[in-house]
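Text of data.txt, listed as compact mmCIF, C-alpha atoms:
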```txt
# COMPACT_ATOMS: atom_id res chain seq x y z
CA MET T 1 97.89 116.16 102.84
CA GLU T 2 94.09 116.44 102.52
CA ASN T 3 91.06 115.35 100.48
CA VAL T 4 92.66 111.98 99.86
CA HIS T 5 91.66 108.32 100.00
CA VAL T 6 93.94 106.88 102.69
CA ALA T 7 94.98 103.22 102.67
CA PRO T 8 97.00 103.05 105.90
CA VAL T 9 97.62 99.26 105.65
CA ALA T 10 97.21 99.05 109.44
CA GLY T 11 93.68 100.15 110.28
CA PRO T 12 90.57 101.05 108.28
CA GLU T 13 90.72 102.94 105.01
CA LEU T 14 89.42 106.48 104.81
CA GLU T 15 87.48 107.39 101.70
CA SER T 16 88.24 111.06 102.21
CA GLY T 17 90.64 112.14 104.89
CA TYR T 18 93.87 113.88 105.74
CA ILE T 19 97.36 113.14 107.02
CA ARG T 20 99.02 115.73 109.23
CA ILE T 21 102.81 115.76 109.35
CA GLU T 22 105.02 117.32 112.01
CA GLY T 23 108.73 117.29 111.30
CA ASP T 24 109.59 113.91 109.78
CA ARG T 25 106.68 112.02 111.35
CA ILE T 26 102.99 111.47 110.95
CA ALA T 27 101.09 113.36 113.62
CA GLU T 28 97.51 112.48 112.70
CA VAL T 29 95.49 110.42 110.22
CA ALA T 30 91.78 111.15 110.24
CA ALA T 31 88.61 111.27 108.15
CA GLY T 32 87.02 114.46 106.91
CA PRO T 33 88.48 117.86 106.07
CA ALA T 34 91.83 118.87 107.50
CA PRO T 35 91.72 121.48 110.29
CA GLU T 36 92.76 125.03 109.54
CA ALA T 37 96.45 125.65 110.13
CA PRO T 38 97.54 129.08 108.87
CA GLY T 39 100.99 129.14 107.33
CA VAL T 40 101.32 125.35 107.16
CA PRO T 41 101.98 123.93 103.64
CA ARG T 42 99.08 121.85 102.33
CA ILE T 43 99.03 119.13 99.68
CA ASP T 44 95.70 118.69 97.92
CA GLY T 45 95.17 114.97 97.39
CA THR T 46 91.91 115.22 95.45
CA GLY T 47 91.67 112.25 93.11
CA CYS T 48 94.59 110.51 94.81
CA LEU T 49 95.30 107.45 96.93
CA ALA T 50 97.75 107.76 99.83
CA THR T 51 99.67 104.67 100.85
CA PRO T 52 102.79 104.09 102.90
CA GLY T 53 105.94 104.47 100.84
CA LEU T 54 106.88 101.14 99.31
CA VAL T 55 109.75 99.12 100.81
CA ASN T 56 112.09 97.14 98.54
CA THR T 57 113.73 94.29 100.43
CA HIS T 58 116.02 92.78 97.81
CA HIS T 59 118.01 94.46 95.07
CA HIS T 60 121.37 94.58 93.26
CA LEU T 61 121.82 98.17 92.13
CA TYR T 62 125.10 97.57 90.29
CA GLN T 63 123.23 95.33 87.87
CA TRP T 64 121.62 98.37 86.23
CA ALA T 65 124.81 98.39 84.13
CA SER T 66 124.25 94.86 82.78
CA GLN T 67 120.58 94.71 81.78
CA GLY T 68 119.27 92.66 78.89
CA LEU T 69 122.01 90.01 78.93
CA ALA T 70 121.74 86.21 79.03
CA GLN T 71 118.10 86.62 78.17
CA ASP T 72 117.16 82.93 78.01
CA ALA T 73 119.38 81.53 80.76
CA THR T 74 118.64 79.75 84.02
CA LEU T 75 119.94 81.41 87.19
CA PHE T 76 123.20 79.42 87.28
CA GLU T 77 123.80 79.94 83.55
CA TRP T 78 123.05 83.64 83.93
CA LEU T 79 125.43 84.03 86.86
CA VAL T 80 128.27 82.18 85.13
CA ALA T 81 127.84 84.41 82.08
CA LEU T 82 127.83 87.66 84.07
CA TYR T 83 130.30 87.10 86.92
CA GLU T 84 133.26 87.91 84.68
CA VAL T 85 131.60 91.14 83.51
CA TRP T 86 130.75 92.24 87.05
CA ALA T 87 134.36 91.55 88.09
CA ALA T 88 135.35 94.61 86.06
CA MET T 89 133.14 97.09 87.91
CA ASP T 90 134.57 100.00 89.86
CA ALA T 91 133.17 102.69 92.15
CA GLU T 92 132.29 104.91 89.20
CA VAL T 93 130.19 102.16 87.64
CA VAL T 94 128.46 101.49 90.95
CA GLU T 95 127.67 105.13 91.63
CA GLY T 96 126.15 105.64 88.16
CA ALA T 97 124.18 102.41 88.28
CA ALA T 98 122.96 103.11 91.81
CA THR T 99 121.90 106.65 90.92
CA ALA T 100 119.82 105.37 88.01
CA GLY T 101 118.41 102.43 89.96
CA LEU T 102 117.50 104.41 93.06
CA SER T 103 115.86 107.11 90.95
CA TRP T 104 113.80 104.48 89.17
CA LEU T 105 112.72 103.06 92.54
CA ALA T 106 111.68 106.51 93.77
CA LEU T 107 109.62 107.00 90.62
CA SER T 108 107.73 103.79 91.43
CA GLY T 109 106.71 104.89 94.93
CA CYS T 110 109.63 103.40 96.85
CA THR T 111 110.85 105.27 99.93
CA THR T 112 113.08 102.60 101.51
CA THR T 113 115.28 100.08 99.75
CA SER T 114 117.83 97.48 100.64
CA ASP T 115 120.69 96.58 98.31
CA HIS T 116 122.64 93.34 98.34
CA HIS T 117 126.11 94.10 96.96
CA TYR T 118 128.40 91.08 97.08
CA ILE T 119 131.19 91.61 94.52
CA PHE T 120 134.14 93.76 95.61
CA PRO T 121 137.00 93.61 93.09
CA LYS T 122 140.30 94.69 94.63
CA GLY T 123 141.64 98.12 93.80
CA ARG T 124 138.39 99.36 92.28
CA GLY T 125 137.50 102.02 94.84
CA ASP T 126 134.98 102.07 97.69
CA LEU T 127 131.93 100.48 96.08
CA LEU T 128 129.77 100.53 99.20
CA ALA T 129 130.44 104.23 99.80
CA ALA T 130 129.54 104.95 96.18
CA GLU T 131 126.05 103.54 96.48
CA ILE T 132 125.47 105.07 99.90
CA GLU T 133 126.30 108.48 98.44
CA ALA T 134 123.90 107.85 95.54
CA ALA T 135 121.10 107.00 98.00
CA ARG T 136 121.82 110.17 99.97
CA ALA T 137 121.54 112.27 96.81
CA VAL T 138 118.31 110.64 95.62
CA GLY T 139 116.85 110.85 99.12
CA LEU T 140 115.74 107.28 99.86
CA ARG T 141 116.20 105.40 103.10
CA PHE T 142 118.90 102.88 102.37
CA HIS T 143 119.72 99.47 103.81
CA PRO T 144 122.94 98.32 102.11
CA ALA T 145 123.56 94.66 102.80
CA ARG T 146 127.35 94.16 102.72
CA GLY T 147 127.54 90.98 100.72
CA SER T 148 130.44 88.60 100.26
CA MET T 149 131.64 85.43 98.57
CA ASP T 150 134.60 83.28 99.66
CA ARG T 151 133.76 80.02 97.90
CA GLY T 152 134.98 80.11 94.33
CA GLN T 153 135.11 77.31 91.80
CA SER T 154 138.30 75.86 93.27
CA LYS T 155 136.39 75.26 96.52
CA GLY T 156 133.27 73.80 94.92
CA GLY T 157 131.42 77.08 94.56
CA LEU T 158 129.82 78.61 91.50
CA PRO T 159 131.68 81.95 91.03
CA PRO T 160 135.14 82.18 89.49
CA ASP T 161 137.92 82.54 92.05
CA GLU T 162 138.74 86.06 90.84
CA VAL T 163 135.49 87.52 92.21
CA VAL T 164 135.65 86.05 95.73
CA GLU T 165 137.37 87.45 98.83
CA GLU T 166 139.29 85.91 101.70
CA LEU T 167 137.33 85.22 104.88
CA ASP T 168 139.29 87.56 107.15
CA ASP T 169 139.14 90.37 104.61
CA ILE T 170 135.37 89.97 104.38
CA LEU T 171 134.81 90.02 108.11
CA ASN T 172 137.06 93.05 108.60
CA ALA T 173 135.48 95.00 105.75
CA THR T 174 131.97 94.14 106.92
CA ALA T 175 132.68 95.22 110.49
CA GLU T 176 134.16 98.46 109.18
CA ALA T 177 131.08 99.10 107.05
CA VAL T 178 128.76 98.64 110.01
CA ASP T 179 130.88 100.90 112.19
CA ALA T 180 131.12 103.59 109.51
CA TYR T 181 127.57 103.73 108.21
CA HIS T 182 125.01 101.95 110.37
CA ASP T 183 122.61 104.33 112.14
CA PRO T 184 120.16 102.57 114.50
CA SER T 185 118.18 105.74 115.28
CA PHE T 186 114.41 105.90 114.65
CA SER T 187 114.72 108.28 111.70
CA SER T 188 117.79 106.56 110.25
CA MET T 189 118.50 106.99 106.55
CA VAL T 190 121.19 104.26 106.46
CA ARG T 191 121.31 100.88 108.14
CA VAL T 192 123.76 98.15 107.23
CA ALA T 193 123.05 94.41 107.11
CA VAL T 194 125.50 91.51 106.92
CA ALA T 195 124.88 89.45 103.80
CA PRO T 196 127.01 86.55 102.52
CA CYS T 197 125.75 85.89 99.01
CA SER T 198 124.36 82.34 98.95
CA PRO T 199 125.02 78.72 99.95
CA PHE T 200 126.72 78.08 96.61
CA SER T 201 129.18 80.98 96.96
CA ALA T 202 129.80 81.30 100.72
CA SER T 203 131.51 78.78 102.97
CA ALA T 204 129.90 77.46 106.13
CA GLU T 205 132.56 79.31 108.11
CA LEU T 206 131.71 82.60 106.41
CA MET T 207 128.03 82.05 107.15
CA THR T 208 128.55 81.28 110.83
CA GLU T 209 131.16 84.01 111.39
CA SER T 210 128.93 86.54 109.62
CA ALA T 211 125.99 85.61 111.84
CA ALA T 212 128.15 86.05 114.93
CA LEU T 213 129.40 89.42 113.67
CA ALA T 214 125.91 90.68 112.85
CA ARG T 215 124.53 89.70 116.23
CA ALA T 216 127.47 91.22 118.07
CA LYS T 217 126.88 94.47 116.17
CA GLY T 218 123.09 94.36 116.50
CA VAL T 219 122.39 94.37 112.75
CA ARG T 220 120.37 92.12 110.47
CA LEU T 221 121.30 89.14 108.29
CA HIS T 222 120.41 88.57 104.65
CA THR T 223 121.23 86.03 101.93
CA HIS T 224 119.78 84.35 98.85
CA LEU T 225 118.05 81.05 99.58
CA ALA T 226 116.02 78.35 97.85
CA GLU T 227 115.78 80.30 94.60
CA THR T 228 116.12 77.39 92.16
CA LEU T 229 116.03 73.61 91.97
CA ASP T 230 119.72 73.78 91.00
CA GLU T 231 120.46 75.34 94.39
CA ASP T 232 118.41 72.68 96.15
CA GLU T 233 120.39 69.99 94.38
CA HIS T 234 123.70 71.76 95.13
CA CYS T 235 122.90 71.91 98.87
CA ARG T 236 121.91 68.24 98.99
CA GLU T 237 125.09 67.17 97.18
CA GLN T 238 127.51 69.48 99.03
CA PHE T 239 126.01 69.56 102.52
CA GLY T 240 123.57 66.67 102.72
CA LEU T 241 120.74 69.05 103.59
CA ARG T 242 118.09 71.09 101.83
CA PRO T 243 118.68 74.88 101.94
CA VAL T 244 116.47 75.80 104.92
CA ASP T 245 117.78 72.94 107.05
CA TYR T 246 121.31 73.96 106.12
CA MET T 247 120.60 77.53 107.24
CA HIS T 248 119.10 76.21 110.46
CA LYS T 249 122.25 74.20 111.13
CA LEU T 250 124.37 77.34 110.64
CA GLY T 251 122.26 79.47 113.02
CA TRP T 252 120.68 81.44 110.21
CA LEU T 253 117.01 81.31 111.22
CA GLY T 254 115.49 83.98 113.42
CA PRO T 255 113.65 87.31 113.56
CA ASP T 256 116.84 89.16 112.54
CA VAL T 257 117.10 87.24 109.23
CA TRP T 258 115.39 87.62 105.88
CA PHE T 259 116.03 85.51 102.79
CA ALA T 260 115.76 86.55 99.15
CA HIS T 261 113.41 84.47 96.96
CA ALA T 262 112.51 81.42 99.11
CA VAL T 263 110.89 79.83 96.06
CA HIS T 264 111.43 76.12 96.65
CA LEU T 265 110.18 75.54 100.19
CA SER T 266 108.58 72.42 101.59
CA ASP T 267 105.75 72.51 104.13
CA HIS T 268 108.40 71.77 106.75
CA ASP T 269 110.48 74.76 105.55
CA ILE T 270 107.54 77.16 105.69
CA GLY T 271 106.79 76.01 109.21
CA LYS T 272 110.39 76.69 110.25
CA LEU T 273 110.36 80.21 108.84
CA ALA T 274 107.06 80.99 110.54
CA ALA T 275 108.11 79.51 113.89
CA THR T 276 111.42 81.38 113.98
CA GLY T 277 110.15 84.72 112.64
CA THR T 278 112.45 84.50 109.62
CA GLY T 279 111.35 86.75 106.76
CA SER T 280 111.62 86.49 102.99
CA ALA T 281 111.69 88.82 100.01
CA HIS T 282 109.44 87.70 97.14
CA CYS T 283 110.78 88.74 93.71
CA PRO T 284 108.15 87.55 91.24
CA SER T 285 109.41 89.26 88.06
CA SER T 286 112.99 88.08 88.48
CA ASN T 287 111.92 84.56 89.41
CA GLY T 288 109.69 84.47 86.34
CA ARG T 289 112.37 85.93 84.07
CA LEU T 290 114.89 83.26 85.08
CA GLY T 291 112.34 80.45 85.11
CA ALA T 292 113.11 79.77 88.77
CA GLY T 293 109.53 79.18 89.88
CA ILE T 294 107.20 81.13 92.13
CA ALA T 295 107.27 81.25 95.92
CA ARG T 296 104.35 79.82 97.89
CA VAL T 297 103.47 83.26 99.23
CA SER T 298 99.81 82.58 99.94
CA GLU T 299 100.68 79.52 102.00
CA MET T 300 103.50 81.34 103.75
CA LEU T 301 101.19 84.17 104.79
CA GLY T 302 98.53 81.71 105.87
CA ARG T 303 100.98 80.04 108.24
CA GLY T 304 102.21 83.30 109.72
CA ALA T 305 105.53 83.73 107.88
CA ASN T 306 106.48 87.29 106.97
CA VAL T 307 106.93 88.16 103.29
CA GLY T 308 108.03 91.41 101.69
CA LEU T 309 108.67 92.30 98.06
CA GLY T 310 111.88 92.81 96.10
CA VAL T 311 112.64 93.98 92.59
CA ASP T 312 115.91 92.00 92.58
CA GLY T 313 118.68 93.23 90.32
CA ASN T 314 117.78 95.19 87.22
CA ALA T 315 119.74 92.65 85.20
CA SER T 316 117.15 89.98 86.04
CA SER T 317 114.00 92.13 86.02
CA GLU T 318 114.76 94.78 83.42
CA LEU T 319 113.19 98.08 84.56
CA THR T 320 110.50 96.42 86.67
CA PRO T 321 109.04 99.11 88.95
CA LEU T 322 108.61 98.15 92.60
CA ALA T 323 104.92 99.08 92.41
CA GLY T 324 104.57 96.65 89.50
CA GLU T 325 105.74 93.80 91.71
CA MET T 326 102.48 94.07 93.66
CA ARG T 327 100.59 93.16 90.49
CA GLN T 328 103.04 90.41 89.60
CA ALA T 329 102.78 88.91 93.08
CA LEU T 330 98.99 88.96 92.94
CA LEU T 331 98.77 87.43 89.47
CA PHE T 332 101.33 84.69 90.05
CA GLN T 333 99.65 83.58 93.29
CA ARG T 334 96.26 83.52 91.59
CA ALA T 335 97.66 81.60 88.63
CA ARG T 336 98.91 78.99 91.06
CA TYR T 337 96.18 78.88 93.68
CA GLY T 338 93.07 80.55 92.26
CA PRO T 339 91.46 84.02 92.41
CA ARG T 340 91.24 84.16 96.22
CA ALA T 341 94.93 83.42 96.74
CA LEU T 342 96.01 87.05 97.25
CA THR T 343 93.98 90.25 97.44
CA ALA T 344 94.98 93.73 96.32
CA ARG T 345 95.28 94.83 99.93
CA GLN T 346 97.45 91.86 100.83
CA ALA T 347 99.71 92.72 97.90
CA LEU T 348 99.95 96.30 99.16
CA GLU T 349 100.86 95.00 102.62
CA LEU T 350 103.65 92.85 101.13
CA ALA T 351 105.09 95.99 99.53
CA THR T 352 104.88 98.11 102.68
CA LEU T 353 104.51 96.61 106.14
CA GLY T 354 105.84 93.22 105.05
CA GLY T 355 108.97 94.91 103.76
CA ALA T 356 109.32 97.00 106.91
CA ARG T 357 109.18 93.84 109.02
CA ASN T 358 111.91 92.24 106.91
CA LEU T 359 114.14 95.22 107.67
CA GLY T 360 113.20 95.32 111.34
CA ARG T 361 111.51 98.71 110.94
CA GLN T 362 107.84 97.85 111.44
CA ASP T 363 107.62 100.36 114.32
CA GLU T 364 108.87 103.16 112.05
CA LEU T 365 107.71 102.35 108.52
CA GLY T 366 105.20 100.42 106.47
CA SER T 367 101.88 101.90 107.59
CA LEU T 368 100.30 105.33 107.93
CA GLU T 369 99.93 105.74 111.68
CA PRO T 370 100.64 108.58 114.10
CA GLY T 371 104.20 108.42 115.37
CA LYS T 372 105.59 106.66 112.31
CA LEU T 373 107.88 108.31 109.80
CA ALA T 374 106.18 110.40 107.12
CA ASP T 375 107.18 108.16 104.21
CA ILE T 376 104.17 108.43 101.93
CA ALA T 377 103.29 107.69 98.29
CA LEU T 378 100.45 109.68 96.73
CA TRP T 379 99.08 108.01 93.58
CA ARG T 380 96.85 109.69 90.99
CA VAL T 381 93.85 107.40 90.47
CA ASP T 382 91.62 109.95 88.72
CA GLY T 383 93.12 109.66 85.24
CA PRO T 384 91.11 108.71 82.17
CA HIS T 385 91.82 105.01 82.68
CA THR T 386 92.18 104.49 86.45
CA ALA T 387 89.15 106.68 87.28
CA ALA T 388 86.91 103.97 85.83
CA VAL T 389 87.98 101.71 88.74
CA THR T 390 85.99 102.77 91.79
CA ASP T 391 88.31 101.00 94.27
CA PRO T 392 91.58 103.00 94.41
CA VAL T 393 93.61 100.12 95.85
CA CYS T 394 92.40 97.89 93.03
CA ALA T 395 93.43 100.60 90.56
CA LEU T 396 96.91 100.66 92.10
CA VAL T 397 97.51 96.90 92.23
CA PHE T 398 95.51 95.30 89.41
CA GLY T 399 96.40 97.59 86.54
CA PRO T 400 99.34 99.58 85.20
CA VAL T 401 101.15 101.61 87.84
CA PRO T 402 99.29 104.93 88.27
CA PRO T 403 101.15 108.26 88.05
CA LEU T 404 102.71 109.57 91.25
CA ALA T 405 101.54 112.93 92.50
CA ARG T 406 104.02 112.98 95.39
CA VAL T 407 106.53 110.84 97.25
CA LEU T 408 107.62 111.97 100.69
CA VAL T 409 110.50 110.56 102.71
CA GLY T 410 110.39 111.84 106.26
CA GLY T 411 108.08 114.60 105.05
CA ARG T 412 110.59 115.71 102.41
CA THR T 413 109.46 115.73 98.77
CA VAL T 414 111.45 113.32 96.61
CA VAL T 415 108.97 113.04 93.71
CA SER T 416 106.35 115.59 92.69
CA GLY T 417 104.13 115.50 89.63
CA GLY T 418 105.85 112.33 88.46
CA GLU T 419 109.28 114.00 88.45
CA LEU T 420 112.28 113.60 90.74
CA ARG T 421 112.94 116.69 92.85
CA THR T 422 116.20 115.66 94.49
CA VAL T 423 118.49 114.94 91.54
CA PRO T 424 117.95 115.90 87.88
CA GLN T 425 115.86 113.06 86.49
CA ASP T 426 117.37 112.98 83.01
CA GLU T 427 120.88 113.15 84.41
CA ALA T 428 120.11 110.15 86.66
CA GLY T 429 119.15 108.18 83.57
CA ARG T 430 122.28 109.27 81.74
CA ALA T 431 124.36 108.19 84.74
CA GLY T 432 123.00 104.67 84.26
CA VAL T 433 123.90 104.72 80.55
CA ARG T 434 127.44 105.87 81.35
CA ALA T 435 127.76 103.12 83.94
CA GLN T 436 126.74 100.49 81.37
CA ARG T 437 129.21 101.77 78.78
CA ARG T 438 132.02 102.03 81.30
CA LEU T 439 131.43 98.50 82.58
CA ALA T 440 131.45 97.13 79.03
CA ARG T 441 134.73 98.93 78.30
CA LEU T 442 136.38 97.80 81.55
CA ALA T 443 135.32 94.21 80.88
CA ARG T 444 136.86 94.28 77.40
CA GLU T 445 140.07 95.83 78.73
CA ARG T 446 140.42 93.01 81.24
CA GLY T 447 139.99 90.42 78.51
CA PHE T 448 136.56 89.29 79.62
CA THR T 449 133.63 88.54 77.35
CA ALA T 450 132.08 91.78 76.15
CA PRO T 451 128.58 92.20 77.61
CA GLU T 452 127.05 92.79 74.18
CA GLN T 453 128.14 89.27 73.18
CA ILE T 454 126.14 87.61 76.00
CA HIS T 455 122.65 86.82 74.77
```

Now that the file is in, can you turn its structure into C-alpha cells?
Amino acid sequence: MENVHVAPVAGPELESGYIRIEGDRIAEVAAGPAPEAPGVPRIDGTGCLATPGLVNTHHHLYQWASQGLAQDATLFEWLVALYEVWAAMDAEVVEGAATAGLSWLALSGCTTTSDHHYIFPKGRGDLLAAEIEAARAVGLRFHPARGSMDRGQSKGGLPPDEVVEELDDILNATAEAVDAYHDPSFSSMVRVAVAPCSPFSASAELMTESAALARAKGVRLHTHLAETLDEDEHCREQFGLRPVDYMHKLGWLGPDVWFAHAVHLSDHDIGKLAATGTGSAHCPSSNGRLGAGIARVSEMLGRGANVGLGVDGNASSELTPLAGEMRQALLFQRARYGPRALTARQALELATLGGARNLGRQDELGSLEPGKLADIALWRVDGPHTAAVTDPVCALVFGPVPPLARVLVGGRTVVSGGELRTVPQDEAGRAGVRAQRRLARLARERGFTAPEQIH
C-alpha cells in the first residue's frame, strides 16, 4: 500500500508513505515511496487515508431483523416490547441477520467486531454457531460474547420468564462455547467472551459464576451497565447499590472486563474503572435514540479509563455505520463539554486502539505498527466533497463517512472499491430482509405481538 496518508493512531502521521505487508502482518510503515519489490502486489493509495481497521466493541447482530420498532420508547419500554418478538428467533434468523449486519460493518471500515447474543430459545438451533459461520463467510475477526439471562419477571427481573435460561444450562453452554470456538492465538479470527446480559436480567449468582468461569478459561467478561437512570434506580432498589458498586461487589471490575454504555457514572465510578483497568464501549447513536443520555467520555479519557466504540444493536441504531459513531462521539462530547472536549484523532483512537484494548488485543490490533496484524481501512478522501478538507482525519471524522477504497483483514481483501469481495453484497442485504420476514412470521405463529404492530 503506497502513496497514502497514514494515520497509524500510535505514532506520527505520514503525509505520504507506504505500508508493507508480509503474510497477515504489517512488516513496515514508513514515509516516502515504497521500495521496489518485483512480483509483489501493490495497492495505490493516492488520494486515500489509511487507518487501522475499526473495532466494534458492542453489538447485537440478531437485532437486524427487528429494526424500526418501538421508535419512541425508553430502553425498558423498548425491551419489554421486543423481548417477545426475539423469543421467536431461530438459527436461520440469526444467520441471515448476522450476514447482513456483519456485511454492513465491513462496509463501514470495521475489521473486528464483538457481538453480545443473550437470548437462546430452546429448540431453535445453534444460534451461536450461526453467527460464527456468518462472520467466517464475511471475513471479519469475531468476538462473540455468549450472553445469558436467568432472572425473569417472576424473580424480579425485566425479561419475561420464557426468554431466560436456567443457571446450570447457561454455565454448561457457555463453557462448551469457549471450548469449541475460542482461539487465543495471535492471528485469531474468533475469540469468545462470557457475557451475562445486565443487572436487571442476570442473578448475582450468574454474575459471580460467570466471572469464575471466564477467569478459569482465560477469556474476557462483558455486560451492559449504567445505561439508563431506570437501571440505576433498579440496582438501588434491588441491591442497595449503584451499578458500578454492585459490579465491584460481584468481582466484575478488572482489566479483563468491559461494559457496554457506562452512561450514568459518578466521579467515584469513573475513578473505579480507571483504577481497575475496566473498559467500556460507548454507543452514542443508540444512547441518543433511546434517550438514555451520553457517557462522560471526555472525563473518562482524562482520568485514564479506556473507552472503545460500539454500534449496539441495529434495532436501536438503525443502520448506523461504525465509522459514523466516531462523528457521533465527537459531536455529543462537544455538545456537552465544548469544542475541545474530543478531537478527531481521539475519536479515531476510540474506534481503533480503544476498541482493541477492550477486547484485550492491543498488541495485535488497533494501530498501524510493524508486527501487528494487517487489518487496514483505506478511505477515499479525494472526492468532490472531502477533497476540500485538507486534513484527511478531519474529513473522515467530522463529515459523512468517506467511500472505502479497500478493507484488509490480515492482508486479505474484504472490501474493494466500496464493494464486498467475500460474499455477494446484494445477497447479504437480501439475507437480512429474509431474516426480518421470518422473525415476524415466527412471532405471529407463536401468538406474540407482530413486529409491525410495535411502533

**OP:** Excluding stretch 301-313 of chain T and any residue of its chain fewer than 6 positions from it, enumerate the residues within 8 Å of it, using all atoms listed in the file, and give them as a VMD selection string.
**Re:** chain T and resid 55 to 64 260 270 to 271 273 to 275 277 to 286 320 to 322 325 to 326 350 to 358

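Atom pair atom CA of T:Ile26 / atom CA of T:Ala374: separated by 5.1 Å.
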
Subject >> Closest of T:Thr51, T:Ser187, T:Thr46, T:Ser154 to T:Val29 - atom-to-atom distances counting only C-alpha atoms >> reply: T:Thr51

**OP:** Can you pull out every residue within 7 Å of stretch 425-433 of chain T, counting all atoms listed in the file, but drop anything in the same chain fewer than 4 positions away, and send it as a PyMOL selection string?
**Re:** chain T and resi 64-65+96-97+99-100+103+419-420+437

Considering all atoms listed in the file, return as a CSV table (one decimal) with C-alpha atoms, keeping the file's coordinate frame whatever protein or nucleic-acid residues lie within 9 Å of stretch 396-399 of chain T, sequence-local ones (same chain, fewer than 3 positions apart) excluded.
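Just written: part.csv:
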```
chain,number,residue,atom,x,y,z
T,49,LEU,CA,95.3,107.4,96.9
T,323,ALA,CA,104.9,99.1,92.4
T,324,GLY,CA,104.6,96.6,89.5
T,325,GLU,CA,105.7,93.8,91.7
T,326,MET,CA,102.5,94.1,93.7
T,327,ARG,CA,100.6,93.2,90.5
T,328,GLN,CA,103.0,90.4,89.6
T,330,LEU,CA,99.0,89.0,92.9
T,331,LEU,CA,98.8,87.4,89.5
T,344,ALA,CA,95.0,93.7,96.3
T,345,ARG,CA,95.3,94.8,99.9
T,347,ALA,CA,99.7,92.7,97.9
T,348,LEU,CA,100.0,96.3,99.2
T,379,TRP,CA,99.1,108.0,93.6
T,381,VAL,CA,93.8,107.4,90.5
T,386,THR,CA,92.2,104.5,86.4
T,391,ASP,CA,88.3,101.0,94.3
T,392,PRO,CA,91.6,103.0,94.4
T,393,VAL,CA,93.6,100.1,95.8
T,402,PRO,CA,99.3,104.9,88.3
```

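Here atom CA of T:Gln436 is placed at a distance of 17.4 Å from atom CA of T:Trp78.
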
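In this structure, atom CA of T:Leu225 sits 26.4 Å away from atom CA of T:Asp363.
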
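Residues with any atom within 10 Å of T:Asn287, counting all atoms listed in the file and excluding same-chain neighbours fewer than 4 positions away, are T:Thr74, T:Leu75, T:Glu227, T:Thr228, T:His261, T:Val263, T:His282, T:Cys283, T:Gly291, T:Ala292, T:Gly293, T:Ile294, T:Ala295, T:Val311, T:Asp312, T:Ser316, T:Ser317.
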
Enclose all atoms of stretch 65-68 of chain T listed in the file in an axis-aligned box, grow every side by 8 Å, and hand back centre and edge lengths in Å to one decimal, as JSON.
```
{"center_x": 122.0, "center_y": 95.5, "center_z": 81.5, "size_x": 21.5, "size_y": 21.7, "size_z": 21.2}
```

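For T:Gly251, the non-local neighbours within 9 Å, defined as residues at least 6 positions apart in the same chain or in other chains and counting all atoms listed in the file, are Met207, Thr208 and Ala211 of chain T.
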
**OP:** Counting only C-alpha atoms, select every polymer residue within 7 Å of (125.1, 76.2, 98.1) as defined in the file's coordinates, and provide the selection as an NGL selection string.
**Re:** :T and (198-201 or 231 or 234-235)

Expected file: the selected residues, C-alpha atoms, as a PDB file, in the coordinates of the input:
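The new file selection17.pdb reads:
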```
ATOM      1  CA  SER T 198     124.360  82.340  98.950  1.00  0.00           C
ATOM      2  CA  PRO T 199     125.020  78.720  99.950  1.00  0.00           C
ATOM      3  CA  PHE T 200     126.720  78.080  96.610  1.00  0.00           C
ATOM      4  CA  SER T 201     129.180  80.980  96.960  1.00  0.00           C
ATOM      5  CA  GLU T 231     120.460  75.340  94.390  1.00  0.00           C
ATOM      6  CA  HIS T 234     123.700  71.760  95.130  1.00  0.00           C
ATOM      7  CA  CYS T 235     122.900  71.910  98.870  1.00  0.00           C
TER       8      CYS T 235
END
```

Rebuild N, CA, C and O atoms on stretch 292-299 of chain T, as a compact mmCIF listing (two decimals), keeping the file's coordinate frame?
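Ended up saving to out_32.txt:
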```txt
# COMPACT_ATOMS: atom_id res chain seq x y z
N ALA T 292 112.76 80.42 87.51
CA ALA T 292 113.11 79.77 88.77
C ALA T 292 111.92 79.13 89.46
O ALA T 292 112.07 78.20 90.25
N GLY T 293 110.72 79.62 89.17
CA GLY T 293 109.53 79.18 89.88
C GLY T 293 108.95 80.34 90.68
O GLY T 293 109.48 81.45 90.65
N ILE T 294 107.87 80.08 91.37
CA ILE T 294 107.20 81.13 92.13
C ILE T 294 107.01 80.69 93.58
O ILE T 294 106.54 79.57 93.86
N ALA T 295 107.37 81.55 94.50
CA ALA T 295 107.27 81.25 95.92
C ALA T 295 105.83 80.99 96.34
O ALA T 295 104.88 81.54 95.77
N ARG T 296 105.68 80.19 97.37
CA ARG T 296 104.35 79.82 97.89
C ARG T 296 103.87 80.90 98.87
O ARG T 296 103.59 80.64 100.04
N VAL T 297 103.74 82.11 98.36
CA VAL T 297 103.47 83.26 99.23
C VAL T 297 102.15 83.12 99.97
O VAL T 297 102.07 83.39 101.18
N SER T 298 101.11 82.70 99.28
CA SER T 298 99.81 82.58 99.94
C SER T 298 99.87 81.61 101.11
O SER T 298 99.32 81.88 102.19
N GLU T 299 100.55 80.50 100.91
CA GLU T 299 100.68 79.52 102.00
C GLU T 299 101.58 80.06 103.11
O GLU T 299 101.32 79.82 104.30
```
